[in-house]
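To start, the structure itself, in structure tokens.
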Amino acid sequence: MAERYEPRLVPACSPGPAAISRSWQSWVMRGEEPLPGGLVTGAVRVGSTIRRPAPADPGFVRALLGLFEQRGWDGAARFLGTDERGREVLSYIDGHVAWEPEQPPSVGSDASLTRLAELVREFHDLTAGTPLARGAEVVCHNDLSPKNTVYRDDGAGLMPVAFIDWDLAGPGARIHDVAHVCWQYLGLGPGVSDSVAAGGRMRLICDAYGLQDRDRLVDTVLWWQQRCWRGIDAGAGAGDPAMIRLLESGAAGAIRAAQDWVTCHRADLAASLG
């Protein structure tokens, strides 16, 4: 496969109940509302803004959000500056973020997946050929999942309107994000009962995005899955506490099982892509 941008693996690990209680109390006393996931990342809502620690490469992410603002694309938050504590200040995007495993049916509907793929195509096209792409096809989000998607219901069920958490964004190929979308939004793994139907939904995503070269799509899904569980194993072996918690929670094993499932059903998935 072609050379890839290698995004960092940054897991979301939950602290214990005592730490949650202390964090919640301190945030409330400051007039800050902790957000789902914020107990790990430190992200809180203050009025119409989000406050959060800067990402590992703040310059790149801020330039990317600035590009979206300049082009008038509303699928990402606006970077507003930093506060007195040095935290980034971002605009708050109102809507439903699909954090919980159980979601309303409309989140995973064909209409929702179609709009999702269109949103990905929109920001890919905005970044293609820009200095931020650094010679690659586009800038990829690299962590697209329901947990990083804001949905709204305008009368036809919940539909995606924006993506959050651009910390892992970087130059890459279009197929990278499309494959990640297929894995995460379709839950490709042992929980899928009909591999042929799953392949059909992968085709739906590809058609909505307009992805022409689909021969490497299943391989790219497998690449993502392998990279994730190996990153957890390697980090835990190096003593990273977050990776150790992930390993002990069974996350790496679950991802390996998903990879095994995709490997076993790759013919069905590929045959449906058209």
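Letters for chains follow the order of the structure tokens (A, B, ...), residue numbers begin at 1 for each chain, and ligand numbers begin at 1 in the order shown.
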Query - Residue contacts of Val161 (chain A) (10 Å, only C-alpha atoms) excluding same-chain residues fewer than 2 positions away, as an NGL selection string - result: :A and (74-76 or 93-96 or 112 or 115-116 or 119 or 149-153 or 158-159 or 163)
Next, dump the selected residues to file, keeping only N, CA and C atoms, as a PDB file, in the first residue's frame.
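Listing of selection.pdb after writing:
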ATOM      1  N   ASP A  74     -18.928  24.917   8.004  1.00  0.00           N
ATOM      2  CA  ASP A  74     -19.441  24.882   9.367  1.00  0.00           C
ATOM      3  C   ASP A  74     -19.326  23.513  10.024  1.00  0.00           C
ATOM      4  N   GLY A  75     -18.560  22.601   9.433  1.00  0.00           N
ATOM      5  CA  GLY A  75     -18.445  21.256   9.967  1.00  0.00           C
ATOM      6  C   GLY A  75     -17.394  21.084  11.043  1.00  0.00           C
ATOM      7  N   ALA A  76     -16.860  22.178  11.559  1.00  0.00           N
ATOM      8  CA  ALA A  76     -15.861  22.122  12.632  1.00  0.00           C
ATOM      9  C   ALA A  76     -16.000  23.368  13.486  1.00  0.00           C
ATOM     10  N   ILE A  93     -20.405  23.712  19.448  1.00  0.00           N
ATOM     11  CA  ILE A  93     -21.337  23.274  18.407  1.00  0.00           C
ATOM     12  C   ILE A  93     -22.477  22.543  19.078  1.00  0.00           C
ATOM     13  N   ASP A  94     -23.653  23.116  19.016  1.00  0.00           N
ATOM     14  CA  ASP A  94     -24.811  22.528  19.683  1.00  0.00           C
ATOM     15  C   ASP A  94     -25.286  21.289  18.930  1.00  0.00           C
ATOM     16  N   GLY A  95     -25.660  20.251  19.668  1.00  0.00           N
ATOM     17  CA  GLY A  95     -26.175  19.052  19.043  1.00  0.00           C
ATOM     18  C   GLY A  95     -25.942  17.821  19.911  1.00  0.00           C
ATOM     19  N   HIS A  96     -26.167  16.671  19.321  1.00  0.00           N
ATOM     20  CA  HIS A  96     -26.047  15.378  19.992  1.00  0.00           C
ATOM     21  C   HIS A  96     -24.746  14.712  19.567  1.00  0.00           C
ATOM     22  N   SER A 112     -28.203   9.093   7.285  1.00  0.00           N
ATOM     23  CA  SER A 112     -27.150   9.661   8.130  1.00  0.00           C
ATOM     24  C   SER A 112     -25.768   9.309   7.582  1.00  0.00           C
ATOM     25  N   ARG A 115     -25.022  11.465   4.473  1.00  0.00           N
ATOM     26  CA  ARG A 115     -24.619  12.840   4.817  1.00  0.00           C
ATOM     27  C   ARG A 115     -23.242  12.858   5.450  1.00  0.00           C
ATOM     28  N   LEU A 116     -22.937  11.835   6.242  1.00  0.00           N
ATOM     29  CA  LEU A 116     -21.625  11.735   6.857  1.00  0.00           C
ATOM     30  C   LEU A 116     -20.528  11.697   5.799  1.00  0.00           C
ATOM     31  N   LEU A 119     -20.015  15.020   4.214  1.00  0.00           N
ATOM     32  CA  LEU A 119     -19.249  15.940   5.062  1.00  0.00           C
ATOM     33  C   LEU A 119     -17.752  15.666   4.978  1.00  0.00           C
ATOM     34  N   THR A 149     -18.607  13.015  16.395  1.00  0.00           N
ATOM     35  CA  THR A 149     -19.554  13.577  15.441  1.00  0.00           C
ATOM     36  C   THR A 149     -20.714  14.238  16.172  1.00  0.00           C
ATOM     37  N   VAL A 150     -21.088  15.418  15.709  1.00  0.00           N
ATOM     38  CA  VAL A 150     -22.233  16.139  16.259  1.00  0.00           C
ATOM     39  C   VAL A 150     -23.424  15.940  15.322  1.00  0.00           C
ATOM     40  N   TYR A 151     -24.551  15.517  15.898  1.00  0.00           N
ATOM     41  CA  TYR A 151     -25.772  15.267  15.134  1.00  0.00           C
ATOM     42  C   TYR A 151     -26.853  16.260  15.559  1.00  0.00           C
ATOM     43  N   ARG A 152     -27.747  16.571  14.623  1.00  0.00           N
ATOM     44  CA  ARG A 152     -28.927  17.372  14.949  1.00  0.00           C
ATOM     45  C   ARG A 152     -30.142  16.776  14.246  1.00  0.00           C
ATOM     46  N   ASP A 153     -31.298  16.976  14.859  1.00  0.00           N
ATOM     47  CA  ASP A 153     -32.558  16.510  14.285  1.00  0.00           C
ATOM     48  C   ASP A 153     -33.350  17.718  13.814  1.00  0.00           C
ATOM     49  N   LEU A 158     -31.837  12.246  13.511  1.00  0.00           N
ATOM     50  CA  LEU A 158     -30.509  12.804  13.757  1.00  0.00           C
ATOM     51  C   LEU A 158     -29.620  12.648  12.533  1.00  0.00           C
ATOM     52  N   MET A 159     -29.021  13.760  12.132  1.00  0.00           N
ATOM     53  CA  MET A 159     -28.121  13.774  10.976  1.00  0.00           C
ATOM     54  C   MET A 159     -26.821  14.459  11.378  1.00  0.00           C
ATOM     55  N   PHE A 163     -17.810  17.626  12.833  1.00  0.00           N
ATOM     56  CA  PHE A 163     -16.865  16.724  13.483  1.00  0.00           C
ATOM     57  C   PHE A 163     -16.094  17.506  14.545  1.00  0.00           C
TER      58      PHE A 163
END
Query raised in the report: If we count only C-alpha atoms, what is near region 215-229 of chain A at a cut-off of 6 Å, once residues fewer than 2 positions away on the same chain are taken out, given as a VMD selection string?
Result: chain A and resid 179 213 231 to 232 252 255 259
Requested in this report: Find the residues near Arg52 (chain A): any atom within 7 Å, counting only C-alpha atoms, skip ones fewer than 2 places away on the same chain, and give them as a ChimeraX atom specification.
Outcome: /A:42-44,50,54,87-89
Report task. Enumerate the residues of region 26-273 of chain A with a DSSP assignment of alpha helix (DSSP H), computed from the backbone, and present them as a PyMOL selection string. Result -> chain A and resi 26-29+38-41+58-71+110-127+174-186+195-209+217-237+241-249+251-264+266-271
Could you take the residues named above and write them with C-alpha atoms, as a JSON list (two decimals), in the first residue's frame?
[["chain", "number", "residue", "atom", "x", "y", "z"],
["A", 26, "SER", "CA", -13.94, 21.67, 40.84],
["A", 27, "TRP", "CA", -15.40, 22.34, 37.38],
["A", 28, "VAL", "CA", -18.84, 23.23, 38.75],
["A", 29, "MET", "CA", -17.28, 25.63, 41.27],
["A", 38, "GLY", "CA", -13.79, 15.84, 29.05],
["A", 39, "LEU", "CA", -12.95, 13.95, 32.23],
["A", 40, "VAL", "CA", -9.95, 12.65, 30.29],
["A", 41, "THR", "CA", -9.10, 15.50, 27.94],
["A", 58, "PRO", "CA", -1.56, 23.17, 18.07],
["A", 59, "GLY", "CA", -0.21, 25.15, 15.13],
["A", 60, "PHE", "CA", -1.40, 22.62, 12.58],
["A", 61, "VAL", "CA", -4.84, 22.13, 14.10],
["A", 62, "ARG", "CA", -5.42, 25.87, 14.51],
["A", 63, "ALA", "CA", -4.38, 26.49, 10.91],
["A", 64, "LEU", "CA", -6.78, 23.77, 9.77],
["A", 65, "LEU", "CA", -9.69, 25.22, 11.73],
["A", 66, "GLY", "CA", -8.73, 28.64, 10.37],
["A", 67, "LEU", "CA", -8.92, 27.29, 6.82],
["A", 68, "PHE", "CA", -12.39, 25.92, 7.46],
["A", 69, "GLU", "CA", -13.51, 29.26, 8.86],
["A", 70, "GLN", "CA", -12.01, 31.14, 5.92],
["A", 71, "ARG", "CA", -13.83, 28.86, 3.47],
["A", 110, "ASP", "CA", -28.59, 5.16, 5.45],
["A", 111, "ALA", "CA", -29.48, 8.86, 5.23],
["A", 112, "SER", "CA", -27.15, 9.66, 8.13],
["A", 113, "LEU", "CA", -24.29, 7.65, 6.60],
["A", 114, "THR", "CA", -24.83, 9.38, 3.26],
["A", 115, "ARG", "CA", -24.62, 12.84, 4.82],
["A", 116, "LEU", "CA", -21.63, 11.73, 6.86],
["A", 117, "ALA", "CA", -19.71, 10.71, 3.74],
["A", 118, "GLU", "CA", -20.63, 13.99, 2.09],
["A", 119, "LEU", "CA", -19.25, 15.94, 5.06],
["A", 120, "VAL", "CA", -15.97, 14.02, 4.86],
["A", 121, "ARG", "CA", -15.75, 14.76, 1.14],
["A", 122, "GLU", "CA", -16.38, 18.44, 1.82],
["A", 123, "PHE", "CA", -13.43, 18.94, 4.19],
["A", 124, "HIS", "CA", -11.20, 16.71, 2.09],
["A", 125, "ASP", "CA", -11.89, 18.86, -0.96],
["A", 126, "LEU", "CA", -11.27, 22.04, 1.05],
["A", 127, "THR", "CA", -7.81, 20.83, 2.08],
["A", 174, "ARG", "CA", -8.74, 10.13, 1.04],
["A", 175, "ILE", "CA", -9.15, 6.38, 1.48],
["A", 176, "HIS", "CA", -7.69, 6.58, 5.01],
["A", 177, "ASP", "CA", -10.64, 8.51, 6.41],
["A", 178, "VAL", "CA", -13.17, 6.61, 4.30],
["A", 179, "ALA", "CA", -11.85, 3.29, 5.65],
["A", 180, "HIS", "CA", -11.93, 4.61, 9.22],
["A", 181, "VAL", "CA", -15.54, 5.71, 8.67],
["A", 182, "CYS", "CA", -16.47, 2.23, 7.44],
["A", 183, "TRP", "CA", -14.85, 0.58, 10.45],
["A", 184, "GLN", "CA", -16.17, 2.89, 13.15],
["A", 185, "TYR", "CA", -19.63, 3.88, 11.93],
["A", 186, "LEU", "CA", -20.55, 0.38, 10.73],
["A", 195, "SER", "CA", -21.22, -9.32, 6.24],
["A", 196, "VAL", "CA", -22.88, -8.97, 2.83],
["A", 197, "ALA", "CA", -25.18, -6.24, 4.16],
["A", 198, "ALA", "CA", -22.19, -4.55, 5.82],
["A", 199, "GLY", "CA", -20.41, -4.55, 2.47],
["A", 200, "GLY", "CA", -23.46, -2.93, 0.93],
["A", 201, "ARG", "CA", -23.34, -0.16, 3.52],
["A", 202, "MET", "CA", -19.64, 0.31, 2.79],
["A", 203, "ARG", "CA", -20.65, 0.80, -0.84],
["A", 204, "LEU", "CA", -23.25, 3.35, 0.25],
["A", 205, "ILE", "CA", -20.51, 5.32, 2.03],
["A", 206, "CYS", "CA", -18.17, 5.09, -0.96],
["A", 207, "ASP", "CA", -20.91, 6.15, -3.38],
["A", 208, "ALA", "CA", -21.90, 9.13, -1.23],
["A", 209, "TYR", "CA", -18.26, 10.17, -0.86],
["A", 217, "LEU", "CA", -10.56, -0.19, 1.07],
["A", 218, "VAL", "CA", -10.82, -3.45, 3.04],
["A", 219, "ASP", "CA", -7.01, -3.61, 3.33],
["A", 220, "THR", "CA", -7.03, -0.07, 4.72],
["A", 221, "VAL", "CA", -9.66, -1.00, 7.31],
["A", 222, "LEU", "CA", -7.41, -3.88, 8.38],
["A", 223, "TRP", "CA", -4.42, -1.52, 8.50],
["A", 224, "TRP", "CA", -6.26, 0.80, 10.89],
["A", 225, "GLN", "CA", -7.31, -2.05, 13.14],
["A", 226, "GLN", "CA", -3.84, -3.55, 13.26],
["A", 227, "ARG", "CA", -2.25, -0.18, 13.94],
["A", 228, "CYS", "CA", -4.62, 0.50, 16.84],
["A", 229, "TRP", "CA", -4.16, -2.75, 18.76],
["A", 230, "ARG", "CA", -0.43, -2.77, 18.16],
["A", 231, "GLY", "CA", -0.22, 0.81, 19.42],
["A", 232, "ILE", "CA", -1.98, -0.19, 22.63],
["A", 233, "ASP", "CA", 0.30, -3.20, 23.12],
["A", 234, "ALA", "CA", 3.44, -1.18, 22.42],
["A", 235, "GLY", "CA", 2.40, 1.68, 24.68],
["A", 236, "ALA", "CA", 1.51, -0.66, 27.53],
["A", 237, "GLY", "CA", 4.84, -2.45, 27.12],
["A", 241, "PRO", "CA", -0.45, 4.25, 32.08],
["A", 242, "ALA", "CA", -3.24, 5.08, 29.62],
["A", 243, "MET", "CA", -2.25, 2.23, 27.33],
["A", 244, "ILE", "CA", -1.95, -0.13, 30.29],
["A", 245, "ARG", "CA", -5.52, 0.72, 31.30],
["A", 246, "LEU", "CA", -6.71, 0.19, 27.75],
["A", 247, "LEU", "CA", -4.95, -3.15, 27.56],
["A", 248, "GLU", "CA", -6.41, -4.25, 30.88],
["A", 249, "SER", "CA", -9.89, -3.16, 29.77],
["A", 251, "ALA", "CA", -9.67, -2.86, 24.17],
["A", 252, "ALA", "CA", -6.72, -4.32, 22.27],
["A", 253, "GLY", "CA", -8.31, -7.75, 22.29],
["A", 254, "ALA", "CA", -11.58, -6.33, 20.99],
["A", 255, "ILE", "CA", -9.79, -4.60, 18.13],
["A", 256, "ARG", "CA", -7.89, -7.78, 17.28],
["A", 257, "ALA", "CA", -11.21, -9.63, 17.21],
["A", 258, "ALA", "CA", -12.57, -6.98, 14.83],
["A", 259, "GLN", "CA", -9.54, -7.40, 12.61],
["A", 260, "ASP", "CA", -10.01, -11.18, 12.60],
["A", 261, "TRP", "CA", -13.66, -10.72, 11.64],
["A", 262, "VAL", "CA", -12.83, -8.39, 8.74],
["A", 263, "THR", "CA", -10.12, -10.79, 7.57],
["A", 264, "CYS", "CA", -12.56, -13.70, 7.66],
["A", 266, "ARG", "CA", -13.12, -9.70, 3.48],
["A", 267, "ALA", "CA", -14.44, -11.45, 0.35],
["A", 268, "ASP", "CA", -18.05, -10.57, 1.20],
["A", 269, "LEU", "CA", -17.13, -6.99, 2.06],
["A", 270, "ALA", "CA", -15.07, -6.47, -1.09],
["A", 271, "ALA", "CA", -17.60, -8.13, -3.39]]
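Interatomic distance, CA of Thr130 (chain A) to CA of Tyr92 (chain A): 26.3 Å.
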Query - Shortest interatomic distance to Val46 (chain A) - which of A:Pro101, A:Gly187, A:Gly31, A:Gly72, counting only C-alpha atoms - result: A:Gly31
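As for CA of Leu35 (chain A) and CA of Ala169 (chain A), they are spaced 21.2 Å apart.
Separating CA of Pro160 (chain A) from CA of Cys140 (chain A) is a distance of 17.5 Å.
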